[in-house]
$ cat model-v1.cif   # mmCIF, C-alpha atoms
data_my_file
loop_
_atom_site.label_atom_id
_atom_site.label_comp_id
_atom_site.auth_asym_id
_atom_site.auth_seq_id
_atom_site.Cartn_x
_atom_site.Cartn_y
_atom_site.Cartn_z
CA MET A 111 22.98 -15.52 -19.88
CA LYS A 112 20.89 -18.47 -21.01
CA LEU A 113 19.02 -20.86 -18.80
CA THR A 114 20.70 -24.20 -19.45
CA GLU A 115 19.53 -26.52 -16.70
CA THR A 116 17.32 -26.78 -13.66
CA LEU A 117 18.00 -29.22 -10.81
CA GLY A 118 15.73 -30.34 -8.05
CA PRO A 119 13.54 -29.80 -6.18
CA ASP A 120 16.09 -30.73 -3.55
CA GLU A 121 14.92 -30.09 0.01
CA ASP A 122 12.35 -27.65 -1.42
CA ALA A 123 15.07 -25.72 -3.27
CA ILE A 124 15.49 -25.53 -7.02
CA SER A 125 18.78 -24.79 -8.76
CA ALA A 126 18.65 -22.93 -12.05
CA ILE A 127 21.90 -22.85 -14.00
CA PHE A 128 22.57 -20.05 -16.45
CA SER A 129 25.42 -20.01 -18.95
CA CYS A 130 27.02 -17.23 -20.91
CA PRO A 131 26.73 -18.14 -24.60
CA GLU A 132 30.01 -16.38 -25.35
CA CYS A 133 32.48 -17.42 -22.63
CA GLY A 134 30.68 -20.40 -21.12
CA HIS A 135 30.75 -18.93 -17.57
CA GLN A 136 28.03 -20.49 -15.45
CA VAL A 137 26.00 -19.01 -12.63
CA ALA A 138 23.59 -20.99 -10.50
CA MET A 139 20.60 -19.54 -8.71
CA LEU A 140 19.26 -21.48 -5.75
CA THR A 141 15.81 -20.71 -4.52
CA ASN A 142 12.27 -21.87 -4.02
CA SER A 143 9.18 -20.00 -5.04
CA MET A 144 7.89 -19.21 -1.55
CA GLU A 145 11.22 -17.79 -0.40
CA THR A 146 11.56 -15.71 -3.51
CA GLN A 147 8.12 -14.25 -3.04
CA LEU A 148 8.63 -13.64 0.67
CA VAL A 149 11.83 -11.70 0.03
CA LYS A 150 10.11 -9.82 -2.77
CA SER A 151 7.34 -8.78 -0.41
CA LEU A 152 9.95 -7.19 1.87
CA ASP A 153 10.93 -4.95 -1.05
CA VAL A 154 14.63 -5.68 -0.76
CA LYS A 155 17.10 -6.28 -3.54
CA ILE A 156 18.99 -9.57 -3.52
CA GLY A 157 22.58 -9.56 -4.70
CA ARG A 158 25.68 -7.52 -4.15
CA GLY A 159 25.83 -3.84 -4.97
CA ALA A 160 23.82 -0.78 -4.05
CA GLU A 161 20.47 -0.27 -5.64
CA LEU A 162 18.93 3.05 -6.58
CA ARG A 163 15.31 2.54 -5.74
CA GLY A 164 12.43 4.57 -7.13
CA PRO A 165 9.27 5.43 -5.21
CA MET A 166 6.41 2.91 -4.95
CA SER A 167 8.55 0.09 -6.32
CA VAL A 168 6.39 -2.67 -4.79
CA VAL A 169 3.16 -1.26 -6.19
CA ARG A 170 4.61 -0.33 -9.58
CA THR A 171 6.48 -3.53 -10.24
CA SER A 172 4.49 -6.18 -8.43
CA LEU A 173 0.86 -5.31 -9.03
CA LEU A 174 -0.74 -7.75 -11.42
CA ASP A 175 -2.85 -5.91 -13.97
CA ALA A 176 -5.14 -8.74 -14.91
CA PRO A 177 -6.48 -11.50 -12.71
CA GLU A 178 -5.33 -15.02 -13.30
CA THR A 179 -6.61 -18.37 -12.19
CA VAL A 180 -5.87 -18.49 -8.50
CA SER A 181 -5.71 -22.23 -8.17
CA GLU A 182 -3.07 -22.86 -10.81
CA GLY A 183 0.35 -21.52 -11.72
CA SER A 184 0.30 -18.84 -14.38
CA ALA A 185 3.24 -20.05 -16.38
CA GLY A 186 2.06 -23.58 -16.94
CA GLY A 187 3.67 -26.81 -15.89
CA LYS A 188 4.05 -28.24 -12.43
CA CYS A 189 7.00 -26.13 -11.37
CA PRO A 190 6.10 -22.44 -11.06
CA PHE A 191 9.71 -21.35 -10.82
CA THR A 192 10.93 -22.89 -14.06
CA GLY A 193 7.82 -21.52 -15.76
CA ALA A 194 8.62 -18.02 -14.55
CA VAL A 195 12.22 -18.31 -15.69
CA LYS A 196 11.15 -19.40 -19.15
CA GLU A 197 8.62 -16.59 -19.29
CA ALA A 198 11.25 -14.02 -18.29
CA PHE A 199 13.72 -15.19 -20.87
CA ALA A 200 11.23 -15.56 -23.68
CA ALA A 201 10.81 -11.80 -24.05
CA GLY A 202 14.34 -10.64 -24.76
CA GLU A 203 16.02 -13.50 -26.56
CA ASP A 204 16.81 -11.63 -29.76
CA VAL A 205 19.25 -9.19 -28.15
CA VAL A 206 22.04 -10.01 -25.70
CA TRP A 207 23.47 -7.63 -23.10
CA THR A 208 27.18 -7.77 -22.29
CA GLU A 209 28.10 -7.90 -18.63
CA ALA A 210 29.50 -4.35 -18.71
CA ALA A 211 26.39 -3.00 -20.43
CA ARG A 212 24.13 -4.74 -17.96
CA GLU A 213 26.09 -3.29 -15.02
CA ARG A 214 25.72 0.15 -16.56
CA LEU A 215 21.99 -0.45 -16.97
CA GLU A 216 21.75 -1.45 -13.30
CA ARG A 217 23.12 1.96 -12.32
CA ILE A 218 20.14 3.70 -13.91
CA PRO A 219 17.43 4.57 -11.34
CA GLU A 220 15.00 1.71 -11.02
CA PHE A 221 11.86 3.66 -11.82
CA VAL A 222 13.07 4.60 -15.31
CA ARG A 223 15.17 1.50 -15.97
CA PRO A 224 12.49 -0.60 -17.72
CA MET A 225 11.74 2.27 -20.11
CA VAL A 226 15.43 2.82 -20.87
CA LYS A 227 15.98 -0.93 -21.34
CA ARG A 228 13.08 -1.19 -23.77
CA GLY A 229 14.34 1.87 -25.69
CA ILE A 230 17.86 0.48 -26.02
CA GLU A 231 16.64 -2.97 -27.08
CA GLN A 232 14.31 -1.45 -29.64
CA HIS A 233 17.16 0.69 -30.98
CA ALA A 234 19.33 -2.42 -31.21
CA ARG A 235 16.63 -4.27 -33.12
CA ASP A 236 16.08 -1.33 -35.45
CA GLN A 237 19.81 -1.16 -36.17
CA GLY A 238 20.17 -4.93 -36.47
CA ILE A 239 22.44 -5.13 -33.42
CA ALA A 240 22.26 -8.43 -31.57
CA ARG A 241 24.71 -7.60 -28.78
CA ILE A 242 24.20 -4.54 -26.59
CA THR A 243 27.51 -3.12 -25.42
CA GLU A 244 28.40 0.08 -23.55
CA GLU A 245 29.14 1.62 -26.96
CA VAL A 246 25.60 0.83 -28.13
CA MET A 247 24.25 2.44 -24.95
CA ALA A 248 26.33 5.54 -25.54
CA ASP A 249 25.10 5.63 -29.14
CA VAL A 250 21.47 5.44 -27.97
CA ARG A 251 22.11 8.22 -25.48
CA THR A 252 23.53 10.47 -28.22
CA THR A 253 20.94 9.56 -30.85
CA LEU A 254 17.79 9.55 -28.72
CA GLY A 255 18.89 11.86 -25.93
CA MET A 256 18.22 9.22 -23.24
CA MET B 600 28.54 -25.82 -7.16
CA LYS B 601 27.30 -24.44 -3.83
CA ARG B 602 24.15 -25.96 -2.44
CA TYR B 603 21.48 -23.99 -0.65
CA GLY B 604 22.86 -24.82 2.79
CA ASP B 605 26.34 -23.63 1.81
CA LEU B 606 25.34 -19.99 1.58
CA ILE B 607 26.64 -17.89 4.47
CA GLY B 608 24.63 -14.92 5.69
CA ASP B 609 22.50 -13.33 3.00
CA GLY B 610 25.12 -13.57 0.28
CA GLY B 611 26.02 -9.87 0.37
CA SER B 612 22.50 -8.56 -0.12
CA ASN B 613 22.52 -6.90 3.29
CA VAL B 614 18.80 -7.35 3.74
CA LEU B 615 18.92 -5.98 7.28
CA GLU B 616 20.45 -2.70 6.13
CA GLN B 617 17.84 -2.42 3.37
CA VAL B 618 15.01 -2.92 5.85
CA GLN B 619 16.59 -0.37 8.20
CA ALA B 620 16.88 2.05 5.27
CA GLN B 621 13.13 1.63 4.67
CA ALA B 622 12.49 2.54 8.31
CA ARG B 623 14.73 5.62 8.06
CA ARG B 624 12.95 6.72 4.87
CA LEU B 625 9.59 6.38 6.61
CA GLU B 626 10.80 8.36 9.61
CA GLY B 627 12.13 11.13 7.39
CA ARG B 628 8.90 11.30 5.42
CA LEU B 629 6.78 11.68 8.54
CA ALA B 630 8.97 14.35 10.10
CA ASP B 631 6.61 17.06 8.81
CA VAL B 632 3.41 15.16 9.63
CA SER B 633 2.13 16.34 13.02
CA SER B 634 -0.27 13.53 13.79
CA ILE B 635 -1.18 10.14 12.35
CA VAL B 636 -4.63 8.84 13.15
CA ALA B 637 -5.91 5.38 12.19
CA VAL B 638 -9.61 4.91 11.57
CA MET B 639 -10.57 1.34 12.34
CA SER B 640 -13.57 -0.87 12.92
CA GLY B 641 -14.09 -4.36 14.24
CA LYS B 642 -16.24 -5.35 11.30
CA GLY B 643 -16.85 -4.20 7.76
CA GLY B 644 -19.76 -2.11 6.54
CA VAL B 645 -19.93 0.33 9.43
CA GLY B 646 -19.15 3.36 7.26
CA LYS B 647 -15.51 3.70 8.29
CA SER B 648 -14.20 4.87 4.91
CA VAL B 649 -17.05 7.35 4.38
CA LEU B 650 -16.39 8.79 7.82
CA THR B 651 -12.63 8.94 7.17
CA VAL B 652 -13.29 11.05 4.10
CA CYS B 653 -15.84 13.23 5.91
CA ILE B 654 -13.48 13.80 8.86
CA ALA B 655 -10.68 14.73 6.42
CA ASP B 656 -12.99 17.16 4.63
CA ALA B 657 -14.18 18.69 7.90
CA LEU B 658 -10.57 19.26 8.97
CA ALA B 659 -9.67 20.68 5.54
CA LEU B 660 -12.65 23.06 5.68
CA ALA B 661 -11.35 24.19 9.08
CA GLY B 662 -8.04 25.08 7.45
CA ARG B 663 -6.03 22.02 8.42
CA LYS B 664 -3.64 20.27 6.02
CA VAL B 665 -4.84 16.69 5.71
CA GLY B 666 -3.87 13.48 3.93
CA ILE B 667 -5.55 10.08 3.68
CA VAL B 668 -3.88 6.72 3.13
CA ASP B 669 -6.31 4.03 2.02
CA ALA B 670 -4.77 1.02 3.74
CA ASP B 671 -7.67 -1.21 2.76
CA ILE B 672 -5.91 -2.70 -0.26
CA ASN B 673 -8.66 -5.18 -1.13
CA GLY B 674 -11.61 -2.93 -0.36
CA ALA B 675 -10.22 0.42 -1.45
CA SER B 676 -12.84 3.14 -1.78
CA VAL B 677 -11.26 6.43 -0.67
CA VAL B 678 -10.03 7.34 -4.17
CA ARG B 679 -13.56 7.17 -5.52
CA MET B 680 -15.14 8.87 -2.51
CA THR B 681 -12.78 11.83 -2.75
CA GLY B 682 -13.36 12.21 -6.49
CA VAL B 683 -9.72 11.77 -7.49
CA GLY B 684 -10.12 8.60 -9.54
CA ASP B 685 -9.11 10.28 -12.78
CA GLN B 686 -5.79 11.52 -11.36
CA LYS B 687 -2.54 9.66 -11.96
CA VAL B 688 0.38 9.35 -9.58
CA VAL B 689 3.27 11.52 -10.76
CA TYR B 690 6.84 10.71 -9.72
CA VAL B 691 9.22 13.50 -8.79
CA PRO B 692 12.65 13.28 -7.14
CA SER B 693 11.10 13.71 -3.69
CA GLY B 694 8.66 10.84 -4.20
CA ALA B 695 5.20 10.16 -5.59
CA VAL B 696 2.85 13.13 -5.80
CA PRO B 697 -0.49 12.15 -4.25
CA ALA B 698 -3.88 12.86 -5.76
CA THR B 699 -5.53 15.97 -4.35
CA SER B 700 -9.26 16.47 -3.78
CA ARG B 701 -11.13 19.69 -4.48
CA LEU B 702 -10.75 20.59 -0.81
CA GLY B 703 -6.99 20.00 -0.94
CA VAL B 704 -7.01 16.65 0.86
CA LYS B 705 -4.04 14.56 -0.33
CA VAL B 706 -4.95 10.98 -1.15
CA MET B 707 -2.94 7.82 -1.74
CA GLY B 708 -4.45 4.41 -2.44
CA ILE B 709 -4.19 1.35 -4.64
CA ASP B 710 -6.94 2.58 -6.99
CA LEU B 711 -4.58 5.30 -8.26
CA PHE B 712 -2.42 2.55 -9.75
CA VAL B 713 -5.02 0.43 -11.53
CA ASP B 714 -7.01 1.32 -14.63
CA ASP B 715 -9.86 -1.10 -14.06
CA LYS B 716 -11.16 -0.46 -10.54
CA THR B 717 -13.20 -3.67 -10.65
CA THR B 718 -10.12 -5.87 -11.05
CA PRO B 719 -9.20 -7.70 -7.84
CA VAL B 720 -5.81 -6.75 -6.43
CA LEU B 721 -3.34 -9.52 -7.21
CA TRP B 722 0.44 -9.51 -7.00
CA LYS B 723 2.86 -10.89 -9.53
CA ALA B 724 4.22 -14.24 -8.42
CA PRO B 725 5.27 -17.51 -10.01
CA THR B 726 1.87 -18.73 -8.85
CA GLN B 727 -1.04 -17.36 -6.83
CA LYS B 728 -1.40 -20.78 -5.22
CA ASP B 729 -0.24 -20.82 -1.57
CA GLY B 730 -0.24 -17.02 -1.64
CA PHE B 731 -1.30 -16.97 2.01
CA THR B 732 2.40 -17.17 2.91
CA TRP B 733 3.28 -13.83 1.34
CA ARG B 734 0.13 -11.91 0.31
CA GLY B 735 -0.29 -10.14 3.66
CA MET B 736 3.33 -8.98 3.62
CA MET B 737 2.92 -7.69 0.08
CA GLU B 738 -0.11 -5.65 1.10
CA MET B 739 1.65 -4.24 4.13
CA SER B 740 4.66 -3.33 1.97
CA ALA B 741 2.29 -1.44 -0.31
CA VAL B 742 0.81 0.44 2.65
CA ARG B 743 4.30 1.25 3.93
CA GLU B 744 5.16 2.59 0.48
CA PHE B 745 1.99 4.68 0.37
CA ILE B 746 3.17 6.38 3.56
CA SER B 747 6.93 6.53 3.00
CA ASP B 748 7.13 7.20 -0.73
CA THR B 749 4.39 9.79 -1.05
CA ASP B 750 5.47 13.40 -1.08
CA TRP B 751 2.98 14.51 1.60
CA GLY B 752 4.76 17.76 2.31
CA SER B 753 3.77 19.27 5.63
CA LEU B 754 0.55 17.84 7.11
CA ASP B 755 -1.38 18.52 10.28
CA THR B 756 -3.09 15.14 10.15
CA LEU B 757 -2.58 11.96 8.17
CA LEU B 758 -5.62 9.70 8.40
CA VAL B 759 -5.12 6.00 7.71
CA ASP B 760 -8.26 4.16 6.66
CA LEU B 761 -7.61 0.62 7.89
CA PRO B 762 -9.25 -2.53 6.56
CA PRO B 763 -11.89 -4.10 8.83
CA GLY B 764 -10.69 -6.39 11.58
CA SER B 765 -8.68 -6.04 14.72
CA SER B 766 -5.39 -7.30 13.22
CA SER B 767 -4.85 -4.32 10.92
CA LEU B 768 -3.93 -1.88 13.71
CA PRO B 769 -0.91 -3.79 15.10
CA ASN B 770 0.42 -4.23 11.57
CA LEU B 771 0.27 -0.47 10.99
CA VAL B 772 1.73 0.44 14.37
CA ASP B 773 4.60 -2.01 13.78
CA VAL B 774 5.50 -0.16 10.59
CA LEU B 775 5.13 3.42 11.78
CA PRO B 776 7.86 5.25 13.70
CA LYS B 777 5.22 7.40 15.41
CA PHE B 778 1.49 7.08 15.92
CA SER B 779 -1.00 9.48 17.48
CA GLY B 780 -3.91 7.14 18.03
CA ALA B 781 -6.86 5.19 16.70
CA VAL B 782 -10.49 6.10 16.23
CA ILE B 783 -12.94 3.19 16.34
CA VAL B 784 -16.16 3.29 14.32
CA THR B 785 -19.10 1.09 15.20
CA LEU B 786 -22.82 0.65 14.61
CA PRO B 787 -25.33 0.54 17.44
CA SER B 788 -25.95 -3.18 16.95
CA GLY B 789 -25.26 -6.02 19.32
CA VAL B 790 -22.90 -7.74 16.87
CA SER B 791 -20.91 -4.55 16.30
CA ARG B 792 -20.71 -4.00 20.03
CA LEU B 793 -19.21 -7.45 20.50
CA ILE B 794 -16.62 -6.96 17.78
CA VAL B 795 -15.72 -3.41 18.72
CA GLU B 796 -14.77 -4.68 22.15
CA ARG B 797 -12.21 -6.89 20.47
CA SER B 798 -10.76 -3.90 18.59
CA ALA B 799 -10.65 -1.80 21.73
CA LYS B 800 -8.80 -4.52 23.62
CA MET B 801 -6.40 -4.98 20.73
CA ALA B 802 -5.62 -1.26 20.60
CA ARG B 803 -5.39 -0.69 24.33
CA ASP B 804 -4.04 -3.96 25.75
CA VAL B 805 -2.02 -5.54 22.94
CA VAL B 806 -0.73 -2.66 20.80
CA GLN B 807 -0.89 -0.21 23.72
CA ALA B 808 -1.80 2.53 21.28
CA PRO B 809 -3.87 5.52 22.36
CA VAL B 810 -7.56 5.26 21.44
CA LEU B 811 -8.78 8.75 20.64
CA GLY B 812 -12.39 7.73 20.81
CA LEU B 813 -15.37 5.71 19.68
CA ILE B 814 -17.85 6.91 17.06
CA GLU B 815 -21.32 5.45 16.74
CA ASN B 816 -22.38 5.67 13.10
CA CYS B 817 -25.92 5.35 11.73
CA SER B 818 -27.28 5.87 15.22
CA TYR B 819 -30.63 7.29 14.20
CA HIS B 820 -32.52 8.82 11.32
CA VAL B 821 -33.85 12.36 11.33
CA CYS B 822 -37.19 12.69 9.54
CA PRO B 823 -36.75 15.34 6.83
CA HIS B 824 -40.39 16.43 7.27
CA CYS B 825 -40.94 16.70 11.02
CA GLY B 826 -37.34 16.60 12.30
CA GLU B 827 -38.02 13.76 14.70
CA ALA B 828 -35.08 11.47 15.42
CA GLU B 829 -35.83 7.76 15.17
CA ALA B 830 -33.46 4.98 16.28
CA LEU B 831 -32.39 2.60 13.50
CA TYR B 832 -31.30 -0.26 15.77
CA PRO B 833 -33.21 -1.72 18.70
CA ASP B 834 -30.19 -2.03 20.98
CA GLY B 835 -26.43 -1.57 21.22
CA ASP B 836 -25.78 1.89 22.58
CA ALA B 837 -22.02 2.45 22.18
CA GLU B 838 -21.63 5.13 24.85
CA PRO B 839 -21.74 2.72 27.83
CA LEU B 840 -19.30 0.47 25.96
CA ALA B 841 -16.86 3.39 25.60
CA GLU B 842 -17.20 4.19 29.29
CA GLU B 843 -16.67 0.56 30.20
CA HIS B 844 -13.34 0.49 28.34
CA GLY B 845 -12.24 3.98 29.36
CA ILE B 846 -12.46 5.27 25.80
CA PRO B 847 -13.78 8.77 25.03
CA PHE B 848 -17.17 8.63 23.33
CA LEU B 849 -16.90 11.03 20.39
CA GLY B 850 -20.54 11.09 19.40
CA ARG B 851 -23.42 9.67 17.38
CA ILE B 852 -23.84 10.27 13.67
CA PRO B 853 -27.32 10.02 12.15
CA PHE B 854 -27.92 8.08 8.97
CA ASP B 855 -28.14 10.34 5.93
CA PRO B 856 -28.70 9.02 2.38
CA TRP B 857 -26.99 12.15 1.04
CA MET B 858 -23.73 10.97 2.58
CA ALA B 859 -23.80 7.76 0.56
CA GLN B 860 -24.77 9.64 -2.56
CA SER B 861 -21.93 12.15 -2.14
CA SER B 862 -19.45 9.30 -1.64
CA ASP B 863 -20.67 7.51 -4.75
CA ARG B 864 -20.28 10.69 -6.79
CA GLY B 865 -16.94 11.71 -5.32
CA VAL B 866 -18.16 15.05 -4.04
CA SER B 867 -17.66 16.36 -0.54
CA TYR B 868 -20.66 15.74 1.71
CA MET B 869 -19.19 18.08 4.31
CA GLN B 870 -18.99 20.90 1.78
CA MET B 871 -22.23 20.28 -0.10
CA HIS B 872 -24.46 19.41 2.86
CA ARG B 873 -22.93 21.24 5.79
CA ASP B 874 -26.35 22.15 7.18
CA ARG B 875 -27.41 18.50 7.62
CA PRO B 876 -27.47 16.99 11.15
CA ALA B 877 -24.90 14.33 10.22
CA ALA B 878 -22.48 16.99 8.90
CA ASP B 879 -22.86 18.90 12.14
CA ALA B 880 -22.12 15.75 14.17
CA ILE B 881 -19.07 14.90 12.05
CA ASP B 882 -17.79 18.45 12.37
CA ARG B 883 -17.92 18.26 16.16
CA ILE B 884 -16.28 14.82 16.16
CA SER B 885 -13.51 16.03 13.82
CA LYS B 886 -12.71 18.91 16.14
CA ALA B 887 -12.50 16.48 19.07
CA ILE B 888 -10.17 14.16 17.12
CA ASP B 889 -8.03 17.10 16.05
CA ALA B 890 -7.71 18.37 19.61
CA ALA B 891 -6.95 14.92 21.03
CA SER B 892 -4.40 13.95 18.37
CA THR B 893 -2.68 17.34 18.55
CA SER B 894 -2.29 17.22 22.31
CA LEU B 895 -1.09 13.60 22.18
CA SER B 896 1.43 14.39 19.42
CA GLN B 897 2.72 17.38 21.36
CA ALA B 898 3.06 15.26 24.48
CA LEU B 899 4.96 12.56 22.56
CA ASN B 900 7.28 15.06 20.87
#

$ encode --input "model-v1.cif" --output "structure tokens"
Amino acid sequence: MKLTETLGPDEDAISAIFSCPECGHQVAMLTNSMETQLVKSLDVKIGRGAELRGPMSVVRTSLLDAPETVSEGSAGGKCPFTGAVKEAFAAGEDVVWTEAARERLERIPEFVRPMVKRGIEQHARDQGIARITEEVMADVRTTLGM
Amino acid sequence: MKRYGDLIGDGGSNVLEQVQAQARRLEGRLADVSSIVAVMSGKGGVGKSVLTVCIADALALAGRKVGIVDADINGASVVRMTGVGDQKVVYVPSGAVPATSRLGVKVMGIDLFVDDKTTPVLWKAPTQKDGFTWRGMMEMSAVREFISDTDWGSLDTLLVDLPPGSSSLPNLVDVLPKFSGAVIVTLPSGVSRLIVERSAKMARDVVQAPVLGLIENCSYHVCPHCGEAEALYPDGDAEPLAEEHGIPFLGRIPFDPWMAQSSDRGVSYMQMHRDRPAADAIDRISKAIDAASTSLSQALN
């Protein structure tokens, strides 16, 4: 999915619209930064579907390694949310996950998921694969024993 | 497109069930922990963390199975004081394996997760600005994780080293499914006396948690040459204060520079200096805490 548009703020909420580059399907996320962070601090997963949760998920995933300027947003710009979205999408633009592959990735326990994701994306880059499918995941599992 | 106000319920996330699952996980984790004791103080700098470590060591030397949670996220010191700073948290199917001191005390704290111990604890967020709305919840979630996600095994006592201030106890008690009681540490100064009253009232009247006792730290200094005890503060005897509030007075601990040095070096003061007057006082206090928390836990179970 690609971030295509942001709307708002509208009553303190921002809408971020994502589009699938292949089929054009659009998904909108509605949130504001304080709500997002409050929910995050509860350590709950937002969205349908069960989540396999590893130990110490708050500490492992939310602890900031290096200090940043406290008085200003880290991602630049006036809107912290759009900055964070851009930052998140900047990292993995060269490979695209299919919906089925992403669902399969989501079934992997959370505490090893980032490592597995990085390994699969690196394999895809090494093999010149731009689109990660379930077949690519199966190939990685066979080749690398993941 | 749906607007924010169009969303019904939590959109299928089932946040309530997730929060309830956290509570069940915490309850299951503490099933084999006999007693949970919070060490608190009204103000900072009274030696609460040093005493927590010394009490844990005294209990461990007496053959008890002990763990410490450093709940002071922004002033964490227990990892260093117990000498486990070079250990890394290992994840196994049953949870996170805590660091273990030379005496077998299991330790969990934020310093086990950061490489640079001088870096202030900050949480990832779109911005740190306006963090007052969520930072406290983030820290409490981390403390809850330290307790619920650590593979403590079977413990006689889990000590929780709370951050200074009277608000930290109700936060902890809200999270825990069971709680044995709090120990309050103070100095024999007028200011400490004033603030410890606030903590005592918070524990007893607001949280309605058992207070196992009051410890007066740095009460006096014993001359290493002649053995004469000399008071370090002109006023502020904590014993009448304890009596006034119906709290057991657990004892006075003399000031000992060796205690600070042991803490700085991550070696056990209670093991290395067990013949010192302060070690003797801590040993007696630890036995009193152990007896009180055990009887309270048995009564509650």

$ closest_residue --input "model-v1.cif" --among "B:Ala670, B:Val645, B:Leu721, B:Ala661" --to "Ile794 in chain B" --atoms "all atoms listed in the file"
B:Val645

$ interface_residues --input "model-v1.cif" --of "chain B" --to "chain A" --cutoff "6 Å" --atoms "all atoms listed in the file" --output "PDB file with C-alpha atoms, keeping the file's coordinate frame"
ATOM      1  CA  GLY B 611      26.020  -9.870   0.370  1.00  0.00           C
ATOM      2  CA  SER B 612      22.500  -8.560  -0.120  1.00  0.00           C
ATOM      3  CA  GLY B 694       8.660  10.840  -4.200  1.00  0.00           C
ATOM      4  CA  LEU B 721      -3.340  -9.520  -7.210  1.00  0.00           C
ATOM      5  CA  TRP B 722       0.440  -9.510  -7.000  1.00  0.00           C
ATOM      6  CA  LYS B 723       2.860 -10.890  -9.530  1.00  0.00           C
ATOM      7  CA  PRO B 725       5.270 -17.510 -10.010  1.00  0.00           C
ATOM      8  CA  THR B 726       1.870 -18.730  -8.850  1.00  0.00           C
ATOM      9  CA  GLN B 727      -1.040 -17.360  -6.830  1.00  0.00           C
ATOM     10  CA  LYS B 728      -1.400 -20.780  -5.220  1.00  0.00           C
ATOM     11  CA  TRP B 733       3.280 -13.830   1.340  1.00  0.00           C
ATOM     12  CA  MET B 736       3.330  -8.980   3.620  1.00  0.00           C
ATOM     13  CA  MET B 737       2.920  -7.690   0.080  1.00  0.00           C
ATOM     14  CA  ALA B 741       2.290  -1.440  -0.310  1.00  0.00           C
ATOM     15  CA  GLU B 744       5.160   2.590   0.480  1.00  0.00           C
ATOM     16  CA  ASP B 748       7.130   7.200  -0.730  1.00  0.00           C
TER      17      ASP B 748
END

$ resolve_selection --input "model-v1.cif" --expression "the PyMOL selection byres ((chain B and resi 875) around 10)" --output "PyMOL selection string"
chain B and resi 821+823+853+855+857-858+868-869+871-874+876-880

$ resolve_selection --input "model-v1.cif" --expression "the PyMOL selection byres ((chain A and resi 228-231) around 12)" --output "PyMOL selection string"
chain A and resi 201-207+211-212+215+222-227+232-256

$ residues_around --input "model-v1.cif" --residues "range 632-637 of chain B" --least-positions-apart "5" --cutoff "6 Å" --atoms "all atoms listed in the file" --output "PyMOL selection string"
chain B and resi 753-759+778-781+896

$ atom_distance --input "model-v1.cif" --atom1 "CA of Val652 in chain B" --atom2 "CA of Val677 in chain B"
6.9 Å

$ resolve_selection --input "model-v1.cif" --expression "the PyMOL selection byres ((chain B and resi 668) around 8)" --output "list in words"
Gly666, Ile667, Asp669, Ala670, Val706, Met707, Gly708, Val742, Phe745, Ile746, Leu757, Leu758, Val759 and Asp760 of chain B

$ atom_distance --input "model-v1.cif" --atom1 "CA of Ile852 in chain B" --atom2 "CA of Asn816 in chain B"
4.9 Å

$ atom_distance --input "model-v1.cif" --atom1 "CA of Leu711 in chain B" --atom2 "CA of Lys886 in chain B"
29.1 Å

$ residues_around --input "model-v1.cif" --residues "Cys133 in chain A" --least-positions-apart "6" --cutoff "12 Å" --atoms "only C-alpha atoms" --output "number ranges by chain"
A: 111-112, 208-209

$ closest_residue --input "model-v1.cif" --among "B:Val614, B:Ile709, B:Ile884, B:Arg624" --to "Pro776 in chain B" --atoms "only C-alpha atoms"
B:Arg624

$ decode --input "model-v1.cif" --residues "range 204-213 of chain A" --atoms "N, CA and C atoms" --output "short mmCIF file (atom, residue, chain, number, x, y, z; two decimals), in the first residue's frame"
data_model
loop_
_atom_site.label_atom_id
_atom_site.label_comp_id
_atom_site.auth_asym_id
_atom_site.auth_seq_id
_atom_site.Cartn_x
_atom_site.Cartn_y
_atom_site.Cartn_z
N ASP A 204 11.37 -0.33 -1.83
CA ASP A 204 11.87 -1.07 -2.99
C ASP A 204 11.24 -2.45 -3.14
N VAL A 205 10.65 -3.00 -2.08
CA VAL A 205 9.96 -4.27 -2.21
C VAL A 205 8.52 -4.12 -1.73
N VAL A 206 7.62 -4.83 -2.41
CA VAL A 206 6.19 -4.73 -2.09
C VAL A 206 5.70 -6.09 -1.61
N TRP A 207 4.91 -6.10 -0.55
CA TRP A 207 4.34 -7.34 -0.03
C TRP A 207 2.93 -7.51 -0.58
N THR A 208 2.59 -8.70 -1.05
CA THR A 208 1.20 -8.94 -1.44
C THR A 208 0.37 -9.10 -0.16
N GLU A 209 -0.93 -8.93 -0.31
CA GLU A 209 -1.81 -9.04 0.85
C GLU A 209 -1.68 -10.41 1.53
N ALA A 210 -1.63 -11.47 0.70
CA ALA A 210 -1.55 -12.82 1.26
C ALA A 210 -0.23 -13.03 2.01
N ALA A 211 0.85 -12.49 1.42
CA ALA A 211 2.16 -12.63 2.06
C ALA A 211 2.20 -11.86 3.38
N ARG A 212 1.60 -10.68 3.36
CA ARG A 212 1.59 -9.88 4.58
C ARG A 212 0.78 -10.57 5.69
N GLU A 213 -0.34 -11.17 5.30
CA GLU A 213 -1.15 -11.90 6.30
C GLU A 213 -0.35 -13.05 6.89
#
